[in-house]
Amino acid sequence: MKRTLLIVALLASVMSMSAKPKITKIEPANWFIGMKDPTVQLMVYGENIGGATVTTDYPGVVVDSVVTLDSPNYLFVYLNLQGAQAGEMKLTFQKDGKKQLVKFPLVNREKSGDERISFTNEDVLYMLMPDRFAQGQNHPAQVKGMNTYREDRSQHSLRHGGDLEGIRQHLDYFNELGVTALWLTPVLENNSPDNDFGYSTYHGYATTDYYRVDPRFGTNEQYRQLVDEAHAKGLKVVMDMIFNHCGFEHVWVKDMPSNDWFNLHDWLKESKGTSDPRGTSFLQTSYKLTPVMDPYASEVDMRETTEGWFVTTMPDLNQKNPHLMRYLIQNSEWWIETIGIDGIRMDTYPYANREGMSQWMKVLDKEYPNFNTVGETWVTEPGYTAAWQKDSKVIQYNPSGENLPNSYLKTVMDFSFFEKLSMAKHEETDDWWKGFNRIYNSLVYDFLYPNPSSVMAFIENHDTDRFLGNGKDSTMLKQALALLLTINRTPQLYYGTEILMNGTKEITDGDVRKDFPGGFVGDKRNAFTREGRTKAENEVFDWLSKLLHWRKGNAAITKGKQTQFIPWHGVYVIARQYNGKNVMTILNGKRSDNKLEVARYAEIIGKATTARDVITGESIDLTRDIPLAQRAALILEF
């Protein structure tokens with residue numbers, strides 16, 4: 001069927017040229033017939049549009065309400081489409097005796113919400129930054145109409161010029177590696193100018209248009225093409241979203257729809273609309289998320305966390321405003337329906353208002369019961385993380401003693417696993433607390449999670465040091481990856497891990513967000529190819545690729561019972577069992593040769609006498625102790 005992709009920068013058709021009102025844009029630019037919730041909110045932009053009446057004679061459509069907030073330049077129109085069919089609806093806006101007629105498309109859905117299947121623990125997500133991954137052909141040197149920016153790959157914090165076409169051209173690489181889903185950091189418009197200190201919003205976390213792909217990355221149509229071709233190759237695509245804040249150059253900052261559209265908006269008046277906080281009542285977040293779950297939290301701590309701005313250039317959205325929250329909910333639905341994304345990753349999840357985010361997740365869960373969203377919940381204690389997962393059994397109170405609402409968030413991020421592994425890699429595994437004891441003592445709290453398999457584990461990401469730091473020690477890296485890909489979790493990789501990309505945040509975040517070698521014209525080598533990788537890089541790539549392909553469709557890993565053993569004489573073992581198939585992940589936490597004392601693991605080994613080394617294919621004798629080299633990672637199946 002022919003798909004309708006609409007760019008919402010300008011209203012497509014204005015049929016009457018009346019002086020008042022003058023509508024410039026409607027968001028969204030189209031909507032879908034057959035949604036379980038038949039209501040839709042239209043956010044109408046236009047000079048002095050506030051107070052206008054809105055009517056339509058389109059069959060099956062009812063204008064439920066029209067709302068004007070504090071700014072006269074916005075109008076919120078709520079429609080009920082219960083009985084409507086696909087077609088071109090005409091809306092009449094009337095004010096002060098003047099009329100304007102606007103066409104608004106109602107389109108059929110490509111599939112029902114129930115048919116949209118998202119990522120699960122059967123997938124391995126590959127996180128990448130579009131600006132730093134690869135550049136496609138015909139990339140524009142400059143995009144007209146954008147605020148001042150510069151692409152300079154020699155500068156860590158400026159744009160480097162990667163785009164969606166560059167990613168599309170390398171889809172086969174992901175299949176060769178063996179990952180099954182791509183998580184792209186935000187692709188929406190970030191029209192913030194480079195600042196005087198050489199910083200830009202290349203990262204994508206300062207949205208200035210929620211319905212438009214950043215033109216430096218491509219177009220909405222190119223985004224759809226990328227997703228379609230990824231699907232054709234068996235790959236899913238996860239979209240990164242940010243509801244906590246937007247970019248300072250968003251039109252809402254210059255003209256706030258209502259006085260409570262942003263948290264702590266008064267300082268914008270004090271700063272005369274600039275992002276300079278000096279001499280104003282500006283409040284930056286404390287970046288401490290614990291007050292959100294703390295039953296003893298003070299008001300000042302809670303306010304700093306949830307209402308303080310992330311930075312001065314990222315205005316903090318107020319999810320308590322029902323019109324804003326409806327806008328954000330519909331925005332995610334629009335991208336699901338229009339582009340066909342297979343999941344959402346929500347940035348800075350606990351910073352936003354919990355009730356508003358709970359409502360968002362509840363609506364998505366009802367409309368798309370098989371769709372998944374992962375929320376960034378950056379606290380390293382399992383009890384905190386578990387309290388954010390859907391249907392959590394952890395008792396949750398706010399400071400007033402009332403129960404907090406169900407989050408409906410299916411997947412949370414395992415920062416405890418990340419932190420413990422980051423410490424363990426520098427330590428010898430002893431008989432108590434250090435080394436792999438840290439992982440063991442983190443996983444023992446899985447009883448807190450309603451669904452441990454829907455907890456996302458990772459060893460690094462765009463906000464952390466690379467696992468390798470500034471080194472190239474592949475031995476410990478293999479141990480980390482062996483754990484990540486065999487435990488009861490949904491695993492996430494970070495681009496370049498497979499070719500030993502390293503770096504730390506000592507100087508800037510850009511050092512852990514380096515360009516993928518070969519993704520850009522003029523690169524000295526092409527690490528997308530075997531010939532362009534070093535011997536050491538190929539060795540790690542092959543090792544990881546074999547493990548990833550083995551994991552695909554492996555029910556023992558995705559459905560199997562998990563048993564972990566307290567590290568014994570420096571050896572940590574985690575086993576998975578399903579329908580008579582057994583897998584043992586064996587890690588030597590010592591920097592010296594060691595052995596697996598097989599008698600200790602009789603409950604898993606049972607009567608088996610041999611096992612297959614998943615990586616090498618070699619047969620391993622299970623009737624005698626197994627020698628382990630220093631920091632060895634061994635995965636056996638039998």
# chains A, B, ... in the order shown; residues from 1 in each chain; ligands from 1
>>> residues_around(residues="segment 579-584 of chain A", least_positions_apart="2", cutoff="9 Å", atoms="only C-alpha atoms", output="compact mmCIF listing (two decimals) with C-alpha atoms, in the first residue's frame")
# COMPACT_ATOMS: atom_id res chain seq x y z
CA THR A 486 24.34 -15.50 28.54
CA ALA A 555 16.00 -21.06 24.02
CA ALA A 556 18.40 -22.11 26.77
CA ILE A 557 19.60 -18.50 26.95
CA GLY A 560 16.20 -21.18 30.45
CA VAL A 573 29.85 -20.00 37.04
CA ILE A 574 26.37 -19.18 35.73
CA ALA A 575 24.28 -21.95 34.18
CA ARG A 576 21.16 -21.91 31.98
CA GLN A 577 18.90 -24.95 31.53
CA ILE A 586 32.72 -20.19 33.32
CA ILE A 604 24.13 -28.94 36.41
CA ILE A 605 26.46 -31.46 34.77
CA LEU A 634 34.57 -20.47 28.66
CA ILE A 635 31.02 -21.15 27.46
CA LEU A 636 30.03 -24.79 27.33
CA GLU A 637 26.87 -26.44 26.07
CA PHE A 638 25.76 -30.02 26.56
>>> closest_residue(among="A:Phe133, A:Phe119, A:Tyr199, A:Phe565", to="Phe217 of chain A", atoms="only C-alpha atoms")
A:Phe133
>>> residues_around(residues="Thr148 of chain A", least_positions_apart="5", cutoff="12 Å", atoms="only C-alpha atoms", output="PyMOL selection string")
chain A and resi 142-143+158-159+190-196+198-201
>>> select_by_dssp(residues="segment 210-388 of chain A", states="strand (DSSP E or B)", output="ChimeraX atom specification")
/A:210-213,236-241,245,262,284,309,311,314,316-317,344-346,373-375
>>> select_by_dssp(residues="segment 420-616 of chain A", states="alpha helix (DSSP H)", output="tab-separated table (two decimals) with N, CA and C atoms, in the first residue's frame")
chain	number	residue	atom	x	y	z
A	420	LYS	N	29.10	-2.83	38.87
A	420	LYS	CA	29.82	-3.93	39.50
A	420	LYS	C	30.86	-4.52	38.56
A	421	LEU	N	30.52	-4.62	37.29
A	421	LEU	CA	31.46	-5.16	36.32
A	421	LEU	C	32.62	-4.19	36.09
A	422	SER	N	32.33	-2.89	36.13
A	422	SER	CA	33.38	-1.89	35.97
A	422	SER	C	34.41	-1.97	37.09
A	423	MET	N	33.96	-2.35	38.29
A	423	MET	CA	34.89	-2.54	39.40
A	423	MET	C	35.59	-3.89	39.32
A	424	ALA	N	34.82	-4.90	38.95
A	424	ALA	CA	35.37	-6.26	38.94
A	424	ALA	C	36.52	-6.43	37.95
A	437	ASN	N	32.48	-11.62	42.57
A	437	ASN	CA	31.54	-11.61	43.69
A	437	ASN	C	30.58	-10.43	43.58
A	438	ARG	N	31.05	-9.35	42.99
A	438	ARG	CA	30.20	-8.16	42.85
A	438	ARG	C	29.02	-8.45	41.92
A	439	ILE	N	29.28	-9.18	40.84
A	439	ILE	CA	28.19	-9.55	39.93
A	439	ILE	C	27.23	-10.51	40.63
A	440	TYR	N	27.79	-11.52	41.27
A	440	TYR	CA	26.96	-12.48	42.01
A	440	TYR	C	26.05	-11.74	43.00
A	441	ASN	N	26.63	-10.82	43.76
A	441	ASN	CA	25.87	-10.12	44.80
A	441	ASN	C	24.90	-9.09	44.24
A	442	SER	N	25.02	-8.78	42.96
A	442	SER	CA	24.02	-7.93	42.31
A	442	SER	C	22.85	-8.77	41.80
A	443	LEU	N	23.17	-9.90	41.18
A	443	LEU	CA	22.12	-10.74	40.62
A	443	LEU	C	21.25	-11.42	41.68
A	474	SER	N	41.69	-7.41	25.57
A	474	SER	CA	40.53	-8.16	25.09
A	474	SER	C	40.17	-9.32	26.01
A	475	THR	N	41.08	-9.73	26.90
A	475	THR	CA	40.81	-10.87	27.77
A	475	THR	C	39.64	-10.60	28.70
A	476	MET	N	39.69	-9.48	29.41
A	476	MET	CA	38.61	-9.12	30.31
A	476	MET	C	37.36	-8.72	29.53
A	477	LEU	N	37.55	-8.15	28.35
A	477	LEU	CA	36.40	-7.79	27.52
A	477	LEU	C	35.60	-9.03	27.15
A	478	LYS	N	36.26	-10.11	26.81
A	478	LYS	CA	35.57	-11.34	26.47
A	478	LYS	C	34.79	-11.88	27.67
A	479	GLN	N	35.37	-11.76	28.85
A	479	GLN	CA	34.65	-12.21	30.05
A	479	GLN	C	33.37	-11.39	30.23
A	480	ALA	N	33.48	-10.08	30.04
A	480	ALA	CA	32.31	-9.22	30.19
A	480	ALA	C	31.23	-9.56	29.17
A	481	LEU	N	31.65	-9.78	27.92
A	481	LEU	CA	30.69	-10.10	26.87
A	481	LEU	C	30.07	-11.48	27.06
A	482	ALA	N	30.87	-12.43	27.54
A	482	ALA	CA	30.34	-13.77	27.81
A	482	ALA	C	29.23	-13.70	28.86
A	483	LEU	N	29.45	-12.90	29.90
A	483	LEU	CA	28.41	-12.71	30.92
A	483	LEU	C	27.19	-12.03	30.32
A	484	LEU	N	27.43	-10.92	29.66
A	484	LEU	CA	26.35	-10.09	29.13
A	484	LEU	C	25.41	-10.89	28.24
A	535	LYS	N	44.67	-7.54	13.08
A	535	LYS	CA	44.59	-8.94	13.49
A	535	LYS	C	43.85	-9.06	14.83
A	536	ALA	N	44.19	-8.17	15.78
A	536	ALA	CA	43.54	-8.21	17.10
A	536	ALA	C	42.06	-7.88	16.99
A	537	GLU	N	41.71	-6.93	16.13
A	537	GLU	CA	40.30	-6.56	15.95
A	537	GLU	C	39.52	-7.70	15.32
A	538	ASN	N	40.08	-8.35	14.33
A	538	ASN	CA	39.40	-9.48	13.71
A	538	ASN	C	39.21	-10.63	14.69
A	539	GLU	N	40.18	-10.84	15.57
A	539	GLU	CA	40.07	-11.92	16.54
A	539	GLU	C	38.89	-11.67	17.47
A	540	VAL	N	38.73	-10.44	17.96
A	540	VAL	CA	37.60	-10.11	18.84
A	540	VAL	C	36.29	-10.10	18.06
A	541	PHE	N	36.32	-9.54	16.85
A	541	PHE	CA	35.11	-9.52	16.02
A	541	PHE	C	34.61	-10.95	15.79
A	542	ASP	N	35.49	-11.84	15.41
A	542	ASP	CA	35.10	-13.22	15.13
A	542	ASP	C	34.58	-13.91	16.38
A	543	TRP	N	35.24	-13.69	17.49
A	543	TRP	CA	34.82	-14.30	18.76
A	543	TRP	C	33.40	-13.85	19.13
A	544	LEU	N	33.18	-12.53	19.05
A	544	LEU	CA	31.87	-11.99	19.41
A	544	LEU	C	30.81	-12.40	18.40
A	545	SER	N	31.15	-12.37	17.12
A	545	SER	CA	30.19	-12.74	16.10
A	545	SER	C	29.73	-14.19	16.26
A	546	LYS	N	30.65	-15.06	16.58
A	546	LYS	CA	30.28	-16.46	16.78
A	546	LYS	C	29.34	-16.60	17.97
A	547	LEU	N	29.62	-15.86	19.03
A	547	LEU	CA	28.77	-15.91	20.21
A	547	LEU	C	27.38	-15.34	19.92
A	548	LEU	N	27.32	-14.25	19.17
A	548	LEU	CA	26.03	-13.63	18.85
A	548	LEU	C	25.18	-14.53	17.96
A	549	HIS	N	25.78	-15.13	16.96
A	549	HIS	CA	25.02	-16.01	16.08
A	549	HIS	C	24.55	-17.26	16.83
A	550	TRP	N	25.37	-17.76	17.73
A	550	TRP	CA	24.98	-18.90	18.56
A	550	TRP	C	23.80	-18.54	19.45
A	551	ARG	N	23.76	-17.30	19.93
A	551	ARG	CA	22.70	-16.88	20.84
A	551	ARG	C	21.36	-16.77	20.14
A	555	ALA	N	17.00	-21.08	22.95
A	555	ALA	CA	16.00	-21.06	24.02
A	555	ALA	C	16.62	-21.23	25.39
A	556	ALA	N	17.76	-21.94	25.47
A	556	ALA	CA	18.40	-22.11	26.77
A	556	ALA	C	18.81	-20.76	27.35
A	557	ILE	N	19.19	-19.83	26.49
A	557	ILE	CA	19.60	-18.50	26.95
A	557	ILE	C	18.41	-17.57	27.15
A	558	THR	N	17.43	-17.64	26.30
A	558	THR	CA	16.32	-16.68	26.38
A	558	THR	C	15.17	-17.15	27.27
A	602	ALA	N	27.95	-30.59	39.95
A	602	ALA	CA	27.28	-31.84	39.58
A	602	ALA	C	25.79	-31.63	39.33
A	603	GLU	N	25.16	-30.69	40.04
A	603	GLU	CA	23.72	-30.48	39.87
A	603	GLU	C	23.38	-29.99	38.47
A	604	ILE	N	24.33	-29.38	37.79
A	604	ILE	CA	24.13	-28.94	36.41
A	604	ILE	C	24.64	-30.00	35.45
A	605	ILE	N	25.83	-30.52	35.70
A	605	ILE	CA	26.46	-31.46	34.77
A	605	ILE	C	25.72	-32.78	34.73
>>> residues_around(residues="segment 591-600 of chain A", least_positions_apart="3", cutoff="7 Å", atoms="only C-alpha atoms", output="list of chain:residue names")
A:Glu428, A:Val571, A:Asn588, A:Leu622, A:Arg624, A:Asp625, A:Ile626, A:Pro627, A:Leu628, A:Ala629, A:Gln630, A:Arg631
>>> residues_around(residues="segment 510-519 of chain A", least_positions_apart="2", cutoff="9 Å", atoms="only C-alpha atoms", output="ChimeraX atom specification")
/A:128-129,131-136,153,155-158,160,162,166-167,170,461-466,495-496,501-508,521-529,532
>>> write_last_selection(atoms="C-alpha atoms", output="mmCIF file, in the first residue's frame")
data_model
loop_
_atom_site.group_PDB
_atom_site.id
_atom_site.type_symbol
_atom_site.label_atom_id
_atom_site.label_comp_id
_atom_site.auth_asym_id
_atom_site.auth_seq_id
_atom_site.Cartn_x
_atom_site.Cartn_y
_atom_site.Cartn_z
ATOM 1 C CA LEU A 128 25.138 3.737 17.828
ATOM 2 C CA MET A 129 25.333 7.500 17.385
ATOM 3 C CA ASP A 131 26.653 11.509 13.794
ATOM 4 C CA ARG A 132 29.642 9.281 14.589
ATOM 5 C CA PHE A 133 28.891 6.056 12.723
ATOM 6 C CA ALA A 134 28.911 6.569 8.967
ATOM 7 C CA GLN A 135 28.192 9.181 6.302
ATOM 8 C CA GLY A 136 26.202 8.363 3.191
ATOM 9 C CA ARG A 153 35.834 15.649 12.680
ATOM 10 C CA GLN A 155 36.795 18.435 17.181
ATOM 11 C CA HIS A 156 35.331 16.072 19.779
ATOM 12 C CA SER A 157 32.197 18.121 20.430
ATOM 13 C CA LEU A 158 31.268 19.403 16.989
ATOM 14 C CA HIS A 160 31.148 14.972 12.361
ATOM 15 C CA GLY A 162 27.267 10.895 10.071
ATOM 16 C CA GLY A 166 25.436 5.994 6.161
ATOM 17 C CA ILE A 167 23.763 3.587 8.575
ATOM 18 C CA HIS A 170 26.025 -0.748 6.394
ATOM 19 C CA ASN A 461 27.342 3.178 26.507
ATOM 20 C CA HIS A 462 27.586 6.726 25.154
ATOM 21 C CA ASP A 463 27.514 8.242 28.659
ATOM 22 C CA THR A 464 30.228 6.066 30.229
ATOM 23 C CA ASP A 465 33.882 5.330 29.741
ATOM 24 C CA ARG A 466 34.520 2.615 27.203
ATOM 25 C CA TYR A 495 29.134 0.453 18.601
ATOM 26 C CA GLY A 496 32.791 -0.373 18.060
ATOM 27 C CA MET A 501 37.221 0.884 20.303
ATOM 28 C CA ASN A 502 38.321 2.542 23.527
ATOM 29 C CA GLY A 503 38.328 5.943 25.253
ATOM 30 C CA THR A 504 37.412 7.718 28.470
ATOM 31 C CA LYS A 505 35.539 10.871 29.440
ATOM 32 C CA GLU A 506 38.583 12.503 31.050
ATOM 33 C CA ILE A 507 38.625 15.280 28.455
ATOM 34 C CA THR A 508 35.176 15.140 26.874
ATOM 35 C CA VAL A 521 35.277 9.564 3.188
ATOM 36 C CA GLY A 522 39.019 9.878 3.654
ATOM 37 C CA ASP A 523 39.312 7.352 6.494
ATOM 38 C CA LYS A 524 42.681 5.595 6.413
ATOM 39 C CA ARG A 525 41.073 2.201 6.909
ATOM 40 C CA ASN A 526 37.659 0.570 6.759
ATOM 41 C CA ALA A 527 36.865 -1.498 9.851
ATOM 42 C CA PHE A 528 33.573 -2.585 8.291
ATOM 43 C CA THR A 529 35.661 -5.042 6.277
ATOM 44 C CA GLY A 532 40.424 -3.054 7.130
#
>>> residues_around(residues="Gly273 of chain A", least_positions_apart="3", cutoff="8 Å", atoms="only C-alpha atoms", output="ChimeraX atom specification")
/A:253-254,268-270
>>> atom_distance(atom1="atom CA of Asn470 of chain A", atom2="atom CA of Phe436 of chain A")
22.1 Å
>>> residues_around(residues="segment 326-332 of chain A", least_positions_apart="4", cutoff="7 Å", atoms="only C-alpha atoms", output="list in words")
Pro322, Ile336 and Trp360 of chain A
>>> write_last_selection(atoms="N, CA and C atoms", output="mmCIF file, in the first residue's frame")
data_model
loop_
_atom_site.group_PDB
_atom_site.id
_atom_site.type_symbol
_atom_site.label_atom_id
_atom_site.label_comp_id
_atom_site.auth_asym_id
_atom_site.auth_seq_id
_atom_site.Cartn_x
_atom_site.Cartn_y
_atom_site.Cartn_z
ATOM 1 N N PRO A 322 -1.495 18.614 31.280
ATOM 2 C CA PRO A 322 -2.160 17.532 30.537
ATOM 3 C C PRO A 322 -2.079 17.692 29.027
ATOM 4 N N ILE A 336 5.601 5.502 15.800
ATOM 5 C CA ILE A 336 5.374 4.056 15.678
ATOM 6 C C ILE A 336 4.587 3.758 14.409
ATOM 7 N N TRP A 360 1.737 7.857 29.985
ATOM 8 C CA TRP A 360 2.285 7.584 28.657
ATOM 9 C C TRP A 360 2.460 6.089 28.431
#
>>> atom_distance(atom1="atom CA of Pro405 of chain A", atom2="atom CA of Pro291 of chain A")
16.0 Å
>>> atom_distance(atom1="atom CA of Ala181 of chain A", atom2="atom CA of Gly383 of chain A")
28.0 Å
>>> closest_residue(among="A:Thr306, A:Asn147, A:Ser71, A:Asn372", to="Ser258 of chain A", atoms="only C-alpha atoms")
A:Ser71
>>> closest_residue(among="A:Tyr601, A:Trp31, A:Tyr173, A:Tyr351", to="Lys288 of chain A", atoms="only C-alpha atoms")
A:Tyr351
